[in-house]
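Everything below concerns the one structure shown next.
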Amino acid sequence: MTRVLPAPAASADGASAHPGPDRRARVWRRAGVAASVLALMLVASPAMADGGLVAATAGDGAAPRLEDHPCPVAVPSGIRCGFLVVPERRDVPASREIRVGFAVHRSTAAGRKPDPVVYTSGGPGSSSIQLTGYLTGMTFGRDRDVVVIEQRGSRWSRPRLDCPEIARALVDTLVLPGQTADPAERSKISSGAAACRDRLTRQGVDLRGYVTKEIAADVVDLRHALGYDQWNLFGVSYSTRSMLAAATADPAGTRSLVLDSYWPERSRWYDEARAGLDGALSRLGRGWRGLPERFATMVGRLNAHPAPVDTTDPLTGRRVTLRLTGDDVATILVEAMDEVDVLPIVPALVDGVAEGDERPLAVLADQAGSGLLSHEFGLYYAVMCQDEAPLNTFADQEHPLRFTVAADQAVCAAWGLPRAPAASAAGVMAAPVLVVGGEYDPATPPGPARTASRALPGARFTEFAGVGHAVFLSSRCGRQTISAFVADPRATAGPCDPRQAAYQVWRRGEFHLTSAVYRVATGAWWLLIPFVLFFLTSAAQLVAGAAVLARRRAAGTVSPVVALTTVAGLAGVAFTLLAGVGLYSVARSNATALAVGIPSAVTWYGTLAVLSAVLSLAVLARSRFRGRAAVPAVVAVALLVWWFLYL
């Protein structure tokens, strides 16, 4: 399952080296400091922008049609947006019409290719149109049209299948100290699910029309409506299912197929979730011995003693205290592992929380709450309850029991929808297929994806090192590989080395947990006052002492107090500059790390601050001007308290 990002600025390869945030739609960049990610699912707003769906009907065999409509989000100029008008259920005569959002970017290149790339996001329930600009910036968008299609029922389609009732129930369960599988919390989720289902039914929504088979048919219908003879299908996570089904149903119209973070149809995602997590932790912990065991320790400790964490309720904007269990934190961390810049700090974070350091949980809670704004729950559950849940036993009730799994089971039981037919039952897959996966992906692990890809005729699999979920959003090499495949699906040579990771995982002892930088970046600027004052007083000591030394050396006399003052200032300035440069270098390479900690090497720079403080106290003891000498001494001591006891 996946989330989505907005379009960042393009780089040399046609896309940014690391896409900027949203995932609010899922990340951790606040006030310029990343704290990537962790979107769990979404709370959607309670009403459609136009007030609802016009209850039109489609005659038997009526051809799908297009309606132009202003783009719902900011996109590059020249992009056409609109709706594909299709039956809500193709298996029901005279089914009412629904509208599926789409966007088209027409290439103006002199050598424009006739076969565009068509993309849809995963989820299920993620929106897609906001990624149009990002996709056109990829290399394949230079000489091809780029088409983006929403899933029926998603944010930019009509009707929009939001479920704020379920989102409210999920937030409420996090406030309670129990676990999502507990009867009281399960009952709360079931009540929210029933309220959402009843509201959607009153609005005329037939949830049986929101399944993978229908979503795939929308893709095929859009090709015919836009008039393309062939195109290249591109799906990520859940949409690998719908795009594979579309390619199978429309072999003549499919030139190639890209499956990023492949989620095979008829896999048992819920039952296999634990194996996916264990495998990802084992791979991530290669340089951090015992990471799976430390993860289990963290989960067990917090399940026994849930951590109170203050955060903002994403639905009301009010402050609320959550009671995070180990299962809650495990769920949030798994979502965070989708982000390539979060992965390097996961071992240090797990190790710290297992030892009882709960400071990083505030960052997780902040981002998890806002992450509830990335999916349309009504669509998500319509698909999961009909396509996925019936294949699972939900027999594994051992910890960590991800609350998304327990919540999904409760919602599906409340909705009681029938099992959907297989989406890819008919047709023959004929086009070349590229399957890409991330080394550390816990949601769609590379091992099962590699195995499943062998069953696809003409498919090849590539694993990318150091990457989690959604390779094209996280890996420059991944984007280059996908673009090269679209340019020539039969070529076998890759444009780059997928074994080169963008980030290296922090090893034990290399990373120190602290929430100080995150708090400063999110508005608590006054926390920097001791650091700034120490720099200013140290600089004043250095300048004044150096000036006096220069005069007295000419006269042949050097006062010990002046020498001590100068060295104290030099040590203080060296400390602040080294610490600043160290943090800046991390921010340049992976700012997300600063949301939960700093490199351990930076903490050792504090020895220079200790030296400066000791010398300043010595100057105070020996100086005739006690009042003047007291200022740097007091500031230095305050800095040490701030540095060692707070930071």
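FYI, nothing fancy with the structure tokens labels: chains A, B, ... in order, residues from 1 per chain, ligands from 1 as they appear.
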
Contacts of stretch 480-496 of chain A at 10 Å (only C-alpha atoms; same-chain gap of 6+ positions) as a ChimeraX atom specification: /A:13-15,113,115-117,138-141,143-144,231-234,255-260,431-436,458,460,462,471-472

Could those selected residues go to a file with N, CA, C and O atoms, as a CSV table (one decimal), in the first residue's frame?
```csv
chain,number,residue,atom,x,y,z
A,13,ASP,N,18.2,14.4,-13.8
A,13,ASP,CA,17.6,13.2,-14.5
A,13,ASP,C,16.2,13.4,-14.8
A,13,ASP,O,15.5,12.4,-15.2
A,14,GLY,N,15.7,14.6,-14.6
A,14,GLY,CA,14.3,14.8,-14.9
A,14,GLY,C,13.4,14.8,-13.7
A,14,GLY,O,12.2,14.9,-13.8
A,15,ALA,N,13.9,14.5,-12.5
A,15,ALA,CA,13.1,14.5,-11.3
A,15,ALA,C,14.1,14.8,-10.2
A,15,ALA,O,15.3,14.6,-10.3
A,113,LYS,N,6.6,10.9,-29.0
A,113,LYS,CA,6.3,9.5,-29.2
A,113,LYS,C,4.7,9.4,-29.1
A,113,LYS,O,4.1,10.1,-28.4
A,115,ASP,N,2.9,6.9,-27.9
A,115,ASP,CA,2.4,6.1,-26.8
A,115,ASP,C,2.7,6.8,-25.4
A,115,ASP,O,3.9,6.8,-25.0
A,116,PRO,N,1.8,7.3,-24.7
A,116,PRO,CA,2.0,8.0,-23.5
A,116,PRO,C,2.3,7.1,-22.3
A,116,PRO,O,2.1,5.9,-22.5
A,117,VAL,N,2.6,7.6,-21.2
A,117,VAL,CA,2.7,6.9,-19.9
A,117,VAL,C,1.5,7.3,-19.1
A,117,VAL,O,1.1,8.5,-19.0
A,138,MET,N,10.0,13.6,-15.1
A,138,MET,CA,10.8,12.4,-15.3
A,138,MET,C,11.2,12.3,-16.8
A,138,MET,O,10.5,12.9,-17.7
A,139,THR,N,12.3,11.6,-17.1
A,139,THR,CA,12.8,11.5,-18.4
A,139,THR,C,11.8,11.1,-19.4
A,139,THR,O,11.7,11.6,-20.6
A,140,PHE,N,10.9,10.1,-19.1
A,140,PHE,CA,10.0,9.6,-20.1
A,140,PHE,C,8.9,10.7,-20.4
A,140,PHE,O,8.2,10.6,-21.4
A,141,GLY,N,8.8,11.8,-19.6
A,141,GLY,CA,7.8,12.8,-19.9
A,141,GLY,C,8.3,13.9,-20.9
A,141,GLY,O,7.6,14.8,-21.2
A,143,ASP,N,9.4,13.4,-24.1
A,143,ASP,CA,8.9,13.2,-25.4
A,143,ASP,C,7.7,12.3,-25.5
A,143,ASP,O,7.3,11.8,-26.6
A,144,ARG,N,7.0,12.2,-24.4
A,144,ARG,CA,5.7,11.4,-24.4
A,144,ARG,C,4.7,12.2,-23.6
A,144,ARG,O,5.0,12.9,-22.7
A,231,TRP,N,-0.5,2.6,-24.9
A,231,TRP,CA,0.2,3.4,-24.0
A,231,TRP,C,1.0,2.5,-23.0
A,231,TRP,O,0.9,1.2,-23.1
A,232,ASN,N,1.8,3.1,-22.1
A,232,ASN,CA,2.6,2.4,-21.2
A,232,ASN,C,2.0,2.6,-19.8
A,232,ASN,O,1.9,3.7,-19.3
A,233,LEU,N,1.7,1.5,-19.1
A,233,LEU,CA,1.0,1.5,-17.8
A,233,LEU,C,2.1,1.6,-16.7
A,233,LEU,O,3.1,0.9,-16.7
A,234,PHE,N,1.8,2.4,-15.7
A,234,PHE,CA,2.7,2.6,-14.6
A,234,PHE,C,1.9,2.6,-13.3
A,234,PHE,O,1.1,3.5,-13.0
A,255,ARG,N,1.6,-1.2,-24.4
A,255,ARG,CA,3.0,-1.3,-25.0
A,255,ARG,C,4.0,-1.8,-24.0
A,255,ARG,O,4.8,-2.7,-24.3
A,256,SER,N,3.9,-1.4,-22.7
A,256,SER,CA,4.7,-1.9,-21.6
A,256,SER,C,4.0,-1.6,-20.3
A,256,SER,O,3.0,-0.9,-20.2
A,257,LEU,N,4.6,-2.2,-19.3
A,257,LEU,CA,4.0,-2.2,-17.9
A,257,LEU,C,5.1,-2.1,-16.9
A,257,LEU,O,6.0,-2.9,-16.9
A,258,VAL,N,5.0,-1.0,-16.0
A,258,VAL,CA,5.9,-0.8,-14.9
A,258,VAL,C,5.1,-1.1,-13.6
A,258,VAL,O,4.1,-0.5,-13.4
A,259,LEU,N,5.7,-2.0,-12.8
A,259,LEU,CA,5.1,-2.3,-11.5
A,259,LEU,C,6.1,-2.0,-10.4
A,259,LEU,O,7.1,-2.7,-10.2
A,260,ASP,N,5.8,-0.9,-9.7
A,260,ASP,CA,6.7,-0.4,-8.7
A,260,ASP,C,6.2,-0.8,-7.3
A,260,ASP,O,5.0,-0.5,-7.0
A,431,ALA,N,2.6,-7.7,-22.9
A,431,ALA,CA,3.6,-6.6,-23.0
A,431,ALA,C,4.8,-6.9,-22.1
A,431,ALA,O,4.7,-7.6,-21.1
A,432,PRO,N,6.0,-6.3,-22.4
A,432,PRO,CA,7.1,-6.4,-21.5
A,432,PRO,C,6.8,-5.8,-20.2
A,432,PRO,O,6.1,-4.8,-20.1
A,433,VAL,N,7.3,-6.3,-19.1
A,433,VAL,CA,7.0,-5.9,-17.7
A,433,VAL,C,8.3,-5.6,-17.0
A,433,VAL,O,9.2,-6.4,-17.0
A,434,LEU,N,8.4,-4.4,-16.3
A,434,LEU,CA,9.5,-4.1,-15.4
A,434,LEU,C,8.9,-4.1,-14.0
A,434,LEU,O,8.0,-3.3,-13.7
A,435,VAL,N,9.4,-4.9,-13.1
A,435,VAL,CA,9.0,-4.9,-11.7
A,435,VAL,C,10.2,-4.4,-10.9
A,435,VAL,O,11.3,-4.9,-11.0
A,436,VAL,N,10.0,-3.4,-10.1
A,436,VAL,CA,11.0,-2.8,-9.2
A,436,VAL,C,10.6,-2.8,-7.8
A,436,VAL,O,9.4,-2.7,-7.5
A,458,GLY,N,7.6,-12.3,-19.9
A,458,GLY,CA,8.3,-11.1,-20.3
A,458,GLY,C,8.7,-10.1,-19.2
A,458,GLY,O,9.0,-9.0,-19.5
A,460,ARG,N,10.9,-8.7,-15.9
A,460,ARG,CA,12.2,-8.7,-15.2
A,460,ARG,C,12.1,-7.9,-13.9
A,460,ARG,O,11.3,-6.9,-13.9
A,462,THR,N,14.0,-5.8,-10.7
A,462,THR,CA,15.2,-5.1,-10.2
A,462,THR,C,15.0,-4.6,-8.8
A,462,THR,O,14.0,-4.0,-8.5
A,471,VAL,N,9.6,3.0,-5.2
A,471,VAL,CA,11.0,3.2,-5.6
A,471,VAL,C,11.1,4.5,-6.4
A,471,VAL,O,12.0,5.3,-6.2
A,472,PHE,N,10.1,4.8,-7.3
A,472,PHE,CA,10.3,6.0,-8.2
A,472,PHE,C,10.2,7.3,-7.4
A,472,PHE,O,10.7,8.3,-7.9
```

For A:Leu527, find every residue with an atom within 9 Å (counting only C-alpha atoms), except residues of its own chain fewer than 6 positions away, and show them as a PyMOL selection string. chain A and resi 516+519-520+642

Output for the residues just chosen: C-alpha atoms as an mmCIF file, in the first residue's frame:
```cif
data_model
loop_
_atom_site.group_PDB
_atom_site.id
_atom_site.type_symbol
_atom_site.label_atom_id
_atom_site.label_comp_id
_atom_site.auth_asym_id
_atom_site.auth_seq_id
_atom_site.Cartn_x
_atom_site.Cartn_y
_atom_site.Cartn_z
ATOM 1 C CA ALA A 516 15.711 19.441 20.390
ATOM 2 C CA ARG A 519 11.278 21.381 18.561
ATOM 3 C CA VAL A 520 13.319 24.338 17.332
ATOM 4 C CA TRP A 642 21.505 22.977 27.989
#
```

Report as a ChimeraX atom specification all protein, DNA and RNA residues lying within 6 Å of A:Ala169, evaluated on only C-alpha atoms, omitting residues in the same chain fewer than 3 positions from it. /A:166,172,188-189,192

Counting only C-alpha atoms, the option among A:Glu265, A:Glu510, A:Asp387, A:Asp357 closest to A:Ile598: A:Glu510

Which residues of stretch 134-192 of chain A sit at most 12 Å from stretch 237-244 of chain A, using only C-alpha atoms? Give each one's shortest atom pair and distance in Å (one decimal place), in chain and ascending residue order, as CSV.
```
residue,atom,partner,partner_atom,distance
A:Ile149,CA,A:Ser239,CA,10.8
A:Glu150,CA,A:Ser239,CA,10.4
A:Gln151,CA,A:Ser239,CA,8.9
A:Arg152,CA,A:Ser242,CA,11.6
```

Only all heavy atoms, please: the residues just picked out, written as an mmCIF file, in the first residue's frame.
```
data_model
loop_
_atom_site.group_PDB
_atom_site.id
_atom_site.type_symbol
_atom_site.label_atom_id
_atom_site.label_comp_id
_atom_site.auth_asym_id
_atom_site.auth_seq_id
_atom_site.Cartn_x
_atom_site.Cartn_y
_atom_site.Cartn_z
ATOM 1 N N ILE A 149 -4.542 9.153 -13.963
ATOM 2 C CA ILE A 149 -5.941 8.832 -13.716
ATOM 3 C C ILE A 149 -6.152 8.554 -12.233
ATOM 4 O O ILE A 149 -5.367 7.838 -11.603
ATOM 5 C CB ILE A 149 -6.423 7.637 -14.579
ATOM 6 C CG1 ILE A 149 -7.908 7.325 -14.286
ATOM 7 C CG2 ILE A 149 -5.544 6.424 -14.386
ATOM 8 C CD1 ILE A 149 -8.505 6.282 -15.221
ATOM 9 N N GLU A 150 -7.179 9.153 -11.668
ATOM 10 C CA GLU A 150 -7.570 8.881 -10.290
ATOM 11 C C GLU A 150 -8.243 7.513 -10.207
ATOM 12 O O GLU A 150 -8.729 6.980 -11.207
ATOM 13 C CB GLU A 150 -8.551 9.949 -9.805
ATOM 14 C CG GLU A 150 -7.955 11.325 -9.638
ATOM 15 C CD GLU A 150 -7.059 11.418 -8.424
ATOM 16 O OE1 GLU A 150 -7.424 10.881 -7.359
ATOM 17 O OE2 GLU A 150 -5.979 12.032 -8.543
ATOM 18 N N GLN A 151 -8.285 6.972 -9.009
ATOM 19 C CA GLN A 151 -9.138 5.811 -8.778
ATOM 20 C C GLN A 151 -10.567 6.304 -8.570
ATOM 21 O O GLN A 151 -10.784 7.388 -8.022
ATOM 22 C CB GLN A 151 -8.665 5.054 -7.543
ATOM 23 C CG GLN A 151 -7.264 4.474 -7.659
ATOM 24 C CD GLN A 151 -6.712 4.032 -6.320
ATOM 25 O OE1 GLN A 151 -7.447 3.690 -5.408
ATOM 26 N NE2 GLN A 151 -5.386 4.058 -6.194
ATOM 27 N N ARG A 152 -11.519 5.542 -9.042
ATOM 28 C CA ARG A 152 -12.909 5.900 -8.764
ATOM 29 C C ARG A 152 -13.113 5.973 -7.247
ATOM 30 O O ARG A 152 -12.633 5.143 -6.499
ATOM 31 C CB ARG A 152 -13.874 4.886 -9.384
ATOM 32 C CG ARG A 152 -13.570 3.444 -9.003
ATOM 33 C CD ARG A 152 -14.638 2.475 -9.457
ATOM 34 N NE ARG A 152 -14.943 2.592 -10.869
ATOM 35 C CZ ARG A 152 -16.093 2.259 -11.413
ATOM 36 N NH1 ARG A 152 -17.059 1.754 -10.651
ATOM 37 N NH2 ARG A 152 -16.311 2.393 -12.695
#
```

Could you please write out, as a CSV table (one decimal) with N, CA, C and O atoms, in the first residue's frame, every residue of stretch 327-458 of chain A that DSSP assigns to strand (DSSP E or B)?
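Wrote part_19.csv, looks like this:
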```
chain,number,residue,atom,x,y,z
A,373,LEU,N,-4.4,12.1,6.5
A,373,LEU,CA,-5.0,12.9,5.4
A,373,LEU,C,-4.5,12.5,4.1
A,373,LEU,O,-4.4,13.3,3.2
A,433,VAL,N,7.3,-6.3,-19.1
A,433,VAL,CA,7.0,-5.9,-17.7
A,433,VAL,C,8.3,-5.6,-17.0
A,433,VAL,O,9.2,-6.4,-17.0
A,434,LEU,N,8.4,-4.4,-16.3
A,434,LEU,CA,9.5,-4.1,-15.4
A,434,LEU,C,8.9,-4.1,-14.0
A,434,LEU,O,8.0,-3.3,-13.7
A,435,VAL,N,9.4,-4.9,-13.1
A,435,VAL,CA,9.0,-4.9,-11.7
A,435,VAL,C,10.2,-4.4,-10.9
A,435,VAL,O,11.3,-4.9,-11.0
A,436,VAL,N,10.0,-3.4,-10.1
A,436,VAL,CA,11.0,-2.8,-9.2
A,436,VAL,C,10.6,-2.8,-7.8
A,436,VAL,O,9.4,-2.7,-7.5
A,437,GLY,N,11.5,-3.1,-6.9
A,437,GLY,CA,11.2,-3.1,-5.5
A,437,GLY,C,12.4,-2.6,-4.6
A,437,GLY,O,13.5,-2.5,-5.1
A,438,GLY,N,12.0,-2.1,-3.4
A,438,GLY,CA,13.0,-1.6,-2.5
A,438,GLY,C,13.5,-2.6,-1.5
A,438,GLY,O,12.8,-3.4,-1.0
```

Report as a tab-separated table: every residue of stretch 413-524 of chain A with an atom at most 12 Å from stretch 321-345 of chain A, its closest pair of atoms, and their distance in Å to one decimal, counting only C-alpha atoms, with rows sorted by chain and ascending residue number.
```
residue	atom	partner	partner_atom	distance
A:Gly437	CA	A:Asp338	CA	11.6
A:Gly438	CA	A:Asp338	CA	9.2
A:Glu439	CA	A:Val340	CA	10.4
A:Tyr440	CA	A:Met337	CA	7.6
A:Asp441	CA	A:Asp338	CA	6.6
A:Pro442	CA	A:Val334	CA	6.9
A:Ala443	CA	A:Val334	CA	8.0
A:Thr444	CA	A:Asp338	CA	10.2
A:Pro445	CA	A:Asp338	CA	11.2
A:Phe464	CA	A:Val340	CA	11.1
A:Ala465	CA	A:Val340	CA	10.1
A:Gly466	CA	A:Val340	CA	7.0
A:Val467	CA	A:Val340	CA	5.3
A:Gly468	CA	A:Asp338	CA	4.8
A:His469	CA	A:Asp338	CA	4.5
A:Ala470	CA	A:Asp338	CA	7.3
A:Val471	CA	A:Val340	CA	9.0
A:Phe472	CA	A:Val340	CA	11.0
A:Leu473	CA	A:Glu339	CA	8.9
A:Ser474	CA	A:Val340	CA	5.8
A:Ser475	CA	A:Val340	CA	8.2
A:Arg476	CA	A:Val340	CA	11.5
A:Ala501	CA	A:Val340	CA	9.5
A:Ala502	CA	A:Val340	CA	8.2
A:Tyr503	CA	A:Pro344	CA	6.8
A:Gln504	CA	A:Pro344	CA	6.1
A:Val505	CA	A:Pro344	CA	3.8
A:Trp506	CA	A:Pro344	CA	5.5
A:Arg507	CA	A:Pro344	CA	8.6
A:Arg508	CA	A:Ile345	CA	10.2
A:Gly509	CA	A:Ile345	CA	11.8
A:Glu510	CA	A:Ile345	CA	10.1
A:Phe511	CA	A:Ile345	CA	7.9
A:His512	CA	A:Ile345	CA	10.0
A:Leu513	CA	A:Ile345	CA	9.5
```

Extract, using only C-alpha atoms, all DNA, RNA and protein residues at most 7 Å from A:Arg158, discarding same-chain residues fewer than 5 positions from it, and format them as a ChimeraX atom specification. /A:53,98-100,153

From the DSSP assignment of the backbone, select every residue of stretch 62-238 of chain A that is alpha helix (DSSP H), and format the answer as an NGL selection string. :A and (132-137 or 164-175 or 183-202 or 212-226 or 238)

Between atom CA of A:Ala296 and atom CA of A:Gly279, what distance in Å does the model show, to one decimal?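 A separation of 13.6 Å between them.
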